[in-house]
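A.B. asks: Dropping in work_5.txt, which is compact mmCIF, C-alpha atoms:
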# COMPACT_ATOMS: atom_id res chain seq x y z
CA MET A 4 11.83 4.28 -111.73
CA TYR A 5 13.26 7.70 -110.83
CA HIS A 6 9.92 8.93 -109.43
CA SER A 7 9.44 5.70 -107.47
CA MET A 8 12.88 6.00 -105.89
CA ASN A 9 12.26 9.67 -105.11
CA ARG A 10 8.99 8.79 -103.37
CA ARG A 11 10.69 6.03 -101.36
CA ILE A 12 13.45 8.41 -100.22
CA SER A 13 10.84 11.00 -99.20
CA ILE A 14 8.92 8.45 -97.13
CA ILE A 15 12.12 7.34 -95.39
CA ALA A 16 12.98 10.97 -94.66
CA ILE A 17 9.55 11.58 -93.11
CA ILE A 18 9.84 8.48 -90.90
CA ALA A 19 13.33 9.50 -89.81
CA ALA A 20 12.05 12.93 -88.86
CA LEU A 21 9.20 11.50 -86.80
CA VAL A 22 11.07 8.70 -85.00
CA PRO A 23 14.26 9.64 -83.11
CA SER A 24 17.29 7.49 -83.78
CA LEU A 25 19.54 6.05 -81.11
CA ALA A 26 22.24 8.51 -82.13
CA SER A 27 19.92 11.50 -81.80
CA ALA A 28 18.24 10.49 -78.54
CA GLU A 29 19.14 12.93 -75.79
CA GLN A 30 20.86 11.30 -72.86
CA PHE A 31 20.43 12.62 -69.32
CA THR A 32 22.87 11.63 -66.60
CA THR A 33 22.98 12.50 -62.91
CA ALA A 34 26.10 11.69 -60.91
CA ILE A 35 25.39 9.94 -57.61
CA GLY A 36 29.00 9.36 -56.63
CA ASP A 37 32.42 9.07 -58.16
CA ASP A 38 31.57 5.96 -60.17
CA ARG A 39 27.74 5.77 -60.51
CA ILE A 40 25.16 7.68 -62.52
CA LEU A 41 21.41 7.70 -63.01
CA MET A 42 20.88 7.54 -66.75
CA THR A 43 17.91 7.93 -69.02
CA GLU A 44 17.50 8.66 -72.70
CA ASP A 45 14.75 10.62 -74.35
CA TYR A 46 12.56 8.15 -76.30
CA PHE A 47 14.40 4.99 -75.30
CA LEU A 48 13.80 4.96 -71.55
CA ILE A 49 10.31 6.44 -71.44
CA PHE A 50 7.10 4.46 -71.22
CA GLY A 51 3.55 5.64 -71.71
CA GLY A 52 2.36 8.88 -73.25
CA GLY A 53 1.43 12.16 -71.64
CA ASP A 54 -2.28 11.63 -72.25
CA GLU A 55 -2.48 8.49 -70.09
CA LEU A 56 -2.45 10.27 -66.70
CA THR A 57 -0.43 7.57 -64.96
CA ALA A 58 -1.02 7.61 -61.21
CA GLY A 59 0.58 4.40 -59.94
CA LEU A 60 3.06 1.60 -60.58
CA GLY A 61 3.01 -1.96 -59.28
CA MET A 62 6.34 -3.79 -59.48
CA ALA A 63 6.44 -7.60 -59.30
CA ASP A 64 7.44 -10.70 -61.27
CA PHE A 65 4.03 -11.21 -62.83
CA ASP A 66 5.12 -13.80 -65.43
CA ALA A 67 7.35 -15.74 -62.99
CA ASP A 68 10.47 -15.60 -65.18
CA GLY A 69 12.77 -14.25 -62.46
CA ASP A 70 12.80 -10.50 -63.21
CA THR A 71 10.63 -7.58 -62.12
CA ASP A 72 7.76 -6.56 -64.38
CA MET A 73 5.68 -3.40 -64.16
CA ALA A 74 1.95 -2.73 -63.86
CA VAL A 75 1.18 0.79 -65.10
CA ILE A 76 -2.01 2.23 -63.60
CA ASN A 77 -3.62 4.93 -65.74
CA GLY A 78 -6.67 7.13 -65.78
CA ARG A 79 -7.20 8.84 -62.44
CA HIS A 80 -10.46 10.75 -62.96
CA TRP A 81 -10.95 9.76 -66.63
CA PRO A 82 -10.91 6.16 -67.89
CA GLY A 83 -7.52 4.92 -69.03
CA GLN A 84 -6.16 1.51 -69.94
CA ASP A 85 -3.94 -0.14 -67.34
CA VAL A 86 -1.16 -2.33 -68.75
CA VAL A 87 1.35 -4.85 -67.47
CA MET A 88 4.77 -4.48 -69.10
CA PHE A 89 7.10 -7.47 -69.18
CA ASN A 90 10.79 -7.13 -68.45
CA ASN A 91 13.21 -8.83 -70.84
CA GLY A 92 15.69 -9.28 -67.99
CA ALA A 93 17.83 -6.31 -69.00
CA GLY A 94 15.54 -3.55 -67.78
CA ARG A 95 13.66 -3.11 -71.06
CA PHE A 96 9.94 -3.75 -71.45
CA PRO A 97 9.34 -4.76 -75.08
CA ALA A 98 6.04 -6.60 -74.48
CA ALA A 99 2.86 -5.51 -72.72
CA ALA A 100 -0.70 -6.68 -72.18
CA ASN A 101 -3.85 -4.89 -71.11
CA ILE A 102 -4.98 -5.29 -67.51
CA GLY A 103 -8.68 -6.12 -67.49
CA ALA A 104 -11.17 -5.69 -70.31
CA MET A 105 -12.19 -2.12 -69.49
CA ARG A 106 -10.54 1.28 -69.30
CA THR A 107 -10.99 2.56 -65.75
CA THR A 108 -10.07 5.40 -63.41
CA GLY A 109 -7.00 3.72 -61.91
CA TYR A 110 -5.08 5.38 -59.09
CA GLY A 111 -2.88 3.05 -57.02
CA ALA A 112 -1.94 -0.62 -57.09
CA SER A 113 -0.56 -3.31 -54.81
CA PRO A 114 0.81 -6.63 -56.16
CA ALA A 115 0.01 -9.61 -53.93
CA ASP A 116 -0.84 -13.31 -54.16
CA VAL A 117 -4.47 -12.78 -53.31
CA ASP A 118 -5.74 -16.29 -54.10
CA GLY A 119 -2.75 -18.18 -52.66
CA ASP A 120 -1.90 -20.03 -55.87
CA GLY A 121 1.74 -18.91 -55.99
CA ASP A 122 1.55 -16.18 -58.63
CA ILE A 123 1.21 -12.44 -58.17
CA ASP A 124 -2.18 -10.81 -58.62
CA LEU A 125 -2.86 -7.07 -58.64
CA VAL A 126 -5.17 -5.06 -56.35
CA VAL A 127 -6.12 -1.66 -57.78
CA ALA A 128 -7.77 1.47 -56.33
CA ARG A 129 -10.09 3.22 -58.79
CA ASP A 130 -11.78 6.60 -58.49
CA LEU A 131 -15.61 6.43 -58.41
CA LEU A 132 -15.42 2.66 -58.94
CA ALA A 133 -15.10 -0.20 -56.49
CA PRO A 134 -11.54 -1.47 -56.00
CA ALA A 135 -10.66 -4.54 -58.01
CA VAL A 136 -8.44 -7.60 -57.99
CA TYR A 137 -6.97 -8.59 -61.35
CA VAL A 138 -6.28 -12.30 -61.06
CA ASN A 139 -3.08 -13.67 -62.60
CA ASP A 140 -3.56 -16.58 -65.00
CA GLY A 141 -0.13 -17.94 -64.06
CA LYS A 142 1.60 -16.44 -67.11
CA GLY A 143 1.29 -12.76 -66.31
CA GLY A 144 -2.16 -12.27 -67.79
CA LEU A 145 -4.22 -10.00 -65.53
CA GLY A 146 -7.58 -10.24 -67.23
CA LEU A 147 -10.06 -11.71 -64.76
CA THR A 148 -11.51 -8.86 -62.71
CA VAL A 149 -13.15 -9.27 -59.30
CA GLU A 150 -14.51 -6.15 -57.57
CA PHE A 151 -14.99 -5.72 -53.81
CA GLY A 152 -16.10 -2.98 -51.48
CA VAL A 153 -17.95 0.09 -52.72
CA PRO A 154 -17.19 2.96 -55.11
CA GLY A 155 -15.76 6.14 -53.60
CA SER A 156 -13.02 8.74 -54.01
CA ALA A 157 -10.22 6.16 -53.89
CA ARG A 158 -6.63 7.37 -54.09
CA ASP A 159 -4.36 4.49 -52.99
CA ILE A 160 -4.36 0.89 -51.85
CA ALA A 161 -2.04 -1.46 -49.99
CA THR A 162 -2.15 -5.09 -48.92
CA GLY A 163 -1.23 -6.89 -45.70
CA ASP A 164 -2.53 -9.41 -43.20
CA PHE A 165 -4.25 -7.18 -40.68
CA ASN A 166 -6.04 -9.88 -38.68
CA ALA A 167 -3.12 -12.35 -38.76
CA ASP A 168 -5.14 -15.17 -40.33
CA GLY A 169 -2.67 -15.86 -43.12
CA ILE A 170 -4.93 -14.40 -45.83
CA ILE A 171 -4.23 -11.22 -47.79
CA ASP A 172 -6.33 -8.20 -46.81
CA ALA A 173 -6.44 -4.75 -48.43
CA VAL A 174 -6.62 -1.21 -47.06
CA LEU A 175 -7.96 1.52 -49.32
CA THR A 176 -7.68 5.28 -48.88
CA ASP A 177 -10.75 7.32 -49.68
CA ARG A 178 -10.54 11.08 -49.87
CA GLY A 179 -14.17 11.63 -48.99
CA ASP A 180 -16.13 8.61 -47.78
CA GLY A 181 -13.96 6.87 -45.20
CA SER A 182 -10.91 4.69 -45.72
CA PHE A 183 -11.53 1.01 -45.10
CA ILE A 184 -10.02 -2.44 -44.70
CA ALA A 185 -11.34 -5.34 -46.75
CA PHE A 186 -10.61 -8.58 -44.90
CA GLY A 187 -9.69 -11.46 -47.22
CA PRO A 188 -10.32 -13.59 -49.06
CA LEU A 189 -10.76 -10.63 -51.41
CA LEU A 190 -12.26 -12.77 -54.18
CA ASP A 191 -15.19 -13.90 -52.05
CA GLY A 192 -17.22 -10.88 -50.95
CA PRO A 193 -14.88 -9.67 -48.21
CA GLN A 194 -16.08 -7.97 -45.06
CA THR A 195 -15.17 -4.29 -45.01
CA GLU A 196 -14.62 -1.96 -42.08
CA VAL A 197 -14.12 1.81 -42.16
CA ILE A 198 -11.09 2.61 -40.00
CA PHE A 199 -10.42 6.27 -40.75
CA GLU A 200 -12.72 9.22 -41.45
CA GLY A 201 -10.64 11.96 -42.99
CA ASN A 202 -8.95 13.27 -46.10
CA ALA A 203 -6.60 10.32 -46.69
CA VAL A 204 -4.83 9.94 -50.05
CA GLY A 205 -1.83 7.66 -49.55
CA VAL A 206 -1.13 4.57 -47.46
CA GLU A 207 1.83 2.58 -46.19
CA VAL A 208 1.77 -0.77 -44.36
CA ALA A 209 4.61 -1.68 -41.99
CA ASP A 210 5.25 -3.22 -38.57
CA LEU A 211 6.03 -0.02 -36.69
CA ASN A 212 6.36 -1.41 -33.15
CA ALA A 213 8.01 -4.77 -33.92
CA ASP A 214 5.13 -6.88 -32.59
CA GLY A 215 4.72 -8.92 -35.78
CA LEU A 216 1.48 -7.17 -36.81
CA ASP A 217 0.88 -4.96 -39.84
CA ASP A 218 0.24 -1.34 -38.89
CA ILE A 219 -1.16 1.34 -41.20
CA VAL A 220 -0.07 4.90 -42.01
CA PHE A 221 -2.31 7.26 -43.98
CA THR A 222 -1.12 10.46 -45.65
CA LEU A 223 -3.49 13.40 -45.28
CA ARG A 224 -4.51 16.35 -47.44
CA GLY A 225 -5.76 18.34 -44.48
CA GLY A 226 -5.71 18.28 -40.68
CA ALA A 227 -2.20 16.82 -40.32
CA THR A 228 0.58 15.18 -42.33
CA LEU A 229 0.08 11.54 -41.31
CA ALA A 230 -2.31 9.34 -39.36
CA VAL A 231 -0.71 6.30 -37.69
CA LEU A 232 -2.96 3.34 -36.78
CA ILE A 233 -1.28 0.72 -34.59
CA ASN A 234 -2.61 -2.82 -34.94
CA GLN A 235 -3.54 -4.22 -31.53
CA GLY A 236 -4.37 -7.71 -32.77
CA ASP A 237 -8.10 -7.40 -32.17
CA GLY A 238 -8.42 -4.08 -33.98
CA PHE A 239 -6.61 -0.79 -34.41
CA ALA A 240 -5.88 1.88 -31.83
CA ASP A 241 -7.25 5.36 -32.42
CA PRO A 242 -5.33 7.26 -35.12
CA VAL A 243 -2.34 9.28 -33.94
CA LEU A 244 -1.95 12.42 -36.05
CA LEU A 245 1.56 13.60 -36.92
CA GLY A 246 2.69 16.90 -38.41
CA GLY A 247 0.94 20.21 -38.81
CA GLU A 248 -2.20 21.10 -40.69
CA ASP A 249 -0.05 23.18 -43.06
CA GLN A 250 2.10 20.14 -43.98
CA GLN A 251 -0.14 18.15 -46.29
CA SER A 252 1.18 14.89 -47.71
CA ARG A 253 0.31 12.54 -50.55
CA ALA A 254 2.87 9.76 -49.95
CA VAL A 255 4.87 8.16 -47.14
CA ALA A 256 7.45 5.39 -46.89
CA ALA A 257 8.58 3.37 -43.88
CA ALA A 258 12.31 2.67 -43.49
CA ASP A 259 15.01 2.63 -40.82
CA MET A 260 16.59 5.97 -41.75
CA ASP A 261 18.74 6.38 -38.62
CA GLY A 262 19.93 2.79 -38.28
CA ASP A 263 18.46 2.17 -34.82
CA GLY A 264 16.49 -0.92 -35.83
CA ASP A 265 12.96 0.42 -36.13
CA MET A 266 10.90 1.83 -38.99
CA ASP A 267 10.83 5.61 -39.36
CA LEU A 268 8.31 7.44 -41.55
CA VAL A 269 9.45 9.63 -44.45
CA ALA A 270 6.69 11.90 -45.73
CA ALA A 271 6.56 13.55 -49.15
CA VAL A 272 5.08 16.93 -48.25
CA LEU A 273 3.16 19.01 -50.78
CA THR A 274 2.99 22.21 -48.74
CA GLY A 275 6.38 22.58 -47.12
CA PRO A 276 9.68 20.71 -46.70
CA ASN A 277 9.66 16.93 -46.67
CA ARG A 278 9.82 15.44 -43.21
CA ILE A 279 11.11 12.40 -41.32
CA PHE A 280 9.19 11.22 -38.26
CA TYR A 281 11.63 9.15 -36.21
CA ASN A 282 10.36 6.02 -34.49
CA ASP A 283 11.01 5.42 -30.81
CA ALA A 284 9.30 2.12 -29.91
CA GLY A 285 6.20 3.13 -31.84
CA ASN A 286 6.30 6.77 -30.76
CA PHE A 287 6.88 9.42 -33.46
CA ASP A 288 7.15 12.65 -31.44
CA ARG A 289 10.56 13.54 -32.88
CA SER A 290 10.59 14.82 -36.45
CA VAL A 291 12.87 16.88 -38.69
CA ALA A 292 12.23 18.80 -41.90
CA ILE A 293 14.50 17.92 -44.81
CA GLY A 294 14.94 19.63 -48.14
CA PRO A 295 13.64 22.96 -49.46
CA ALA A 296 10.23 24.30 -48.46
CA ASP A 297 9.09 24.85 -52.05
CA GLU A 298 9.78 21.37 -53.46
CA ALA A 299 6.10 20.23 -53.51
CA SER A 300 6.77 16.48 -53.29
CA ALA A 301 3.96 14.04 -54.09
CA ALA A 302 5.70 10.65 -54.26
CA ILE A 303 8.49 8.85 -52.44
CA ALA A 304 10.50 5.64 -52.63
CA ILE A 305 13.27 4.39 -50.36
CA ALA A 306 16.28 2.31 -51.42
CA ASP A 307 20.04 2.26 -50.94
CA ILE A 308 20.69 3.88 -54.31
CA ASP A 309 24.47 4.28 -53.83
CA GLN A 310 24.91 0.99 -51.91
CA ASP A 311 26.65 2.55 -48.91
CA GLY A 312 24.54 0.72 -46.34
CA ARG A 313 22.16 3.62 -45.61
CA PRO A 314 18.68 3.96 -47.14
CA ASP A 315 18.26 6.92 -49.48
CA ALA A 316 15.04 8.70 -50.48
CA VAL A 317 13.80 9.55 -53.97
CA PHE A 318 11.10 12.22 -54.07
CA GLY A 319 8.71 12.76 -56.96
CA ASN A 320 7.87 16.42 -57.39
CA GLU A 321 5.85 18.85 -59.43
CA GLY A 322 8.87 19.55 -61.62
CA THR A 323 12.40 18.20 -61.18
CA ASN A 324 12.55 15.07 -59.02
CA SER A 325 15.19 14.75 -56.33
CA LEU A 326 17.45 12.17 -54.72
CA TYR A 327 18.29 12.53 -51.04
CA LEU A 328 21.49 10.57 -50.40
CA ASN A 329 21.64 9.58 -46.74
CA ARG A 330 25.13 10.56 -45.61
CA ALA A 331 26.61 10.08 -42.15
CA ASP A 332 26.32 13.84 -41.50
CA GLY A 333 22.95 14.49 -43.17
CA PHE A 334 21.33 14.38 -46.59
CA GLU A 335 23.01 15.31 -49.85
CA ILE A 336 20.21 16.52 -52.14
CA ILE A 337 20.67 15.97 -55.87
CA ALA A 338 18.33 17.17 -58.62
CA ILE A 339 17.65 14.33 -61.07
CA ALA A 340 18.04 15.47 -64.67
CA GLY A 341 15.71 14.54 -67.51
CA ASP A 342 12.15 14.79 -66.18
CA GLU A 343 10.08 17.89 -65.44
CA GLY A 344 6.70 16.16 -65.16
CA ASP A 345 4.05 16.05 -62.45
CA THR A 346 5.12 12.88 -60.67
CA TYR A 347 2.46 10.77 -58.93
CA ASP A 348 4.42 7.62 -58.08
CA ILE A 349 8.02 6.41 -57.85
CA LYS A 350 9.41 2.90 -57.46
CA THR A 351 13.03 1.94 -56.74
CA VAL A 352 13.65 -1.62 -57.95
CA ASP A 353 16.51 -3.50 -59.60
CA ILE A 354 15.11 -4.12 -63.08
CA THR A 355 18.42 -4.97 -64.78
CA GLY A 356 19.59 -7.79 -62.50
CA ASP A 357 22.81 -6.07 -61.39
CA ALA A 358 21.71 -5.65 -57.72
CA TRP A 359 21.62 -1.83 -58.01
CA PRO A 360 18.18 -0.17 -57.57
CA ASP A 361 16.87 1.63 -60.63
CA ILE A 362 14.21 4.37 -60.50
CA LEU A 363 10.85 4.24 -62.29
CA VAL A 364 8.73 7.40 -62.41
CA ALA A 365 4.98 7.65 -63.07
CA ASN A 366 3.94 11.07 -64.38
CA SER A 367 0.45 12.42 -64.89
CA GLY A 368 0.33 14.47 -68.08
CA SER A 369 3.79 13.66 -69.47
CA PRO A 370 5.70 10.48 -70.41
CA ASN A 371 6.83 8.15 -67.64
CA VAL A 372 10.56 7.71 -67.19
CA ILE A 373 13.06 4.99 -66.23
CA TYR A 374 16.42 5.88 -64.70
CA TRP A 375 18.99 3.13 -64.92
CA ASN A 376 21.52 3.05 -62.07
CA ARG A 377 24.73 2.51 -64.02
CA PRO A 378 28.50 2.66 -63.56
CA THR A 379 30.14 5.81 -64.88
CA ARG A 380 31.53 5.26 -68.34
CA LYS A 381 35.32 5.28 -68.38
CA GLU A 382 36.95 7.33 -71.13
Give the structure from this file in structure tokens form.
C.D. replies:
Amino acid sequence: MYHSMNRRISIIAIIAALVPSLASAEQFTTAIGDDRILMTEDYFLIFGGGDELTAGLGMADFDADGDTDMAVINGRHWPGQDVVMFNNGAGRFPAAANIGAMRTTGYGASPADVDGDGDIDLVVARDLLAPAVYVNDGKGGLGLTVEFGVPGSARDIATGDFNADGIIDAVLTDRGDGSFIAFGPLLDGPQTEVIFEGNAVGVEVADLNADGLDDIVFTLRGGATLAVLINQGDGFADPVLLGGEDQQSRAVAAADMDGDGDMDLVAAVLTGPNRIFYNDAGNFDRSVAIGPADEASAAIAIADIDQDGRPDAVFGNEGTNSLYLNRADGFEIIAIAGDEGDTYDIKTVDITGDAWPDILVANSGSPNVIYWNRPTRKE
């Protein structure tokens, strides 16, 4: 009896040493105003391990229960298992399911209702594999896999309606073989068309000249920072290159940063300070550098984090990530505590249902992190 109890106590002690308790979990907080913080906790607000090489996140209500779920895209150059994680409505993800039957080299993802049945499917870019649509079974299951296009050095993907026919299309960046559009329906052998020959790694879709058509912006790892392709209705105009050859970018976001009613372009720059290209009726000649030159940003998301009516920028870096609060007199730059990973993607979405955007960070080589946007605790 004594030996049995001793053995049981030893086992409990080993488990306690291996699994952090709520009391021992380290909490990281970053003030974003007098009454708000970004908050994460070691162990309790991380998702995915460091060996999964997460490269992308896709945020959508996949199970149609009214909250935002998360598709985690893993692998990059080595096969990894993509998963969809289901939100319990309070910003926790206690249930998950595999995406597809195979581990693949996932890079980027775009949620969209590809088949027009009312639920959200997932379109994924995969390195050295053809891009794929994972079809939703109506309950959040993303098992059925339909490939389209051809294998290449894919790095990102986005969806839109580029020929204005009411059917979802996809645009894929390819670092070596030519970035292309696949015109929907994507599940039925779509026609593809190469629209950019160059070292493209990221993509954003937005109506940049307010003509009701989806335009395309590529981020470049050589030659310039961005390539802007304006949709002319019957095709795209020649790419307009923005930024210098020494200002390489891996991510860009479109948002009205100066409040003049059109969509500006905010580039996460790897080789210099981040940069805003201001939109003037579809012209982006005016730009400004923001932030330090050595930040090495690789991901970006835009949201009004402090709810002051101006869009803010969250940059994912090689090291500490940063929040650029958009003040009336310029940006207030805040280092976000609690994550020193190599960030490949960032999403800013309300996952707790309180109408405040939270921050979800995809790291390659270290655990992924969630930052809850919470009120400051009153003593």
A.B. asks: Which residue out of A:Arg178, A:Arg224, A:Arg95, A:Lys350 has the minimum interatomic distance to A:Phe318 when only C-alpha atoms are used?
C.D. replies: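 Of all the options, A:Lys350 lies closest to A:Phe318.
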A.B. asks: Could you state the separation of atom CA of A:Asp249 and atom CA of A:Val269 in Å, given to one decimal place?
C.D. replies: 16.6 Å
A.B. asks: Could you state the separation of atom CA of A:Ala254 and atom CA of A:Ile233 in Å, given to one decimal place?
C.D. replies: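 Separating atom CA of A:Ala254 from atom CA of A:Ile233 is a distance of 18.3 Å.
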A.B. asks: Would you list the residues near (-15.0, 12.9, -46.0) (no more than 8 Å away, in the coordinates of the file, using only C-alpha atoms) as a PyMOL selection string?
C.D. replies: chain A and resi 177-181+200-202
A.B. asks: Which neighbours of A:Asp122 fall inside 8 Å, counting only C-alpha atoms, when residues of the same chain fewer than 6 positions from it are skipped, and could you give them as a PyMOL selection string?
C.D. replies: chain A and resi 65+67+116+139+141
A.B. asks: Give me the residues within 12 Å of A:Ile198 as a ChimeraX atom specification, counting only C-alpha atoms and dropping any in the same chain fewer than 5 places off.
C.D. replies: /A:165,174-177,180-185,203,219-221,230-234,238-242
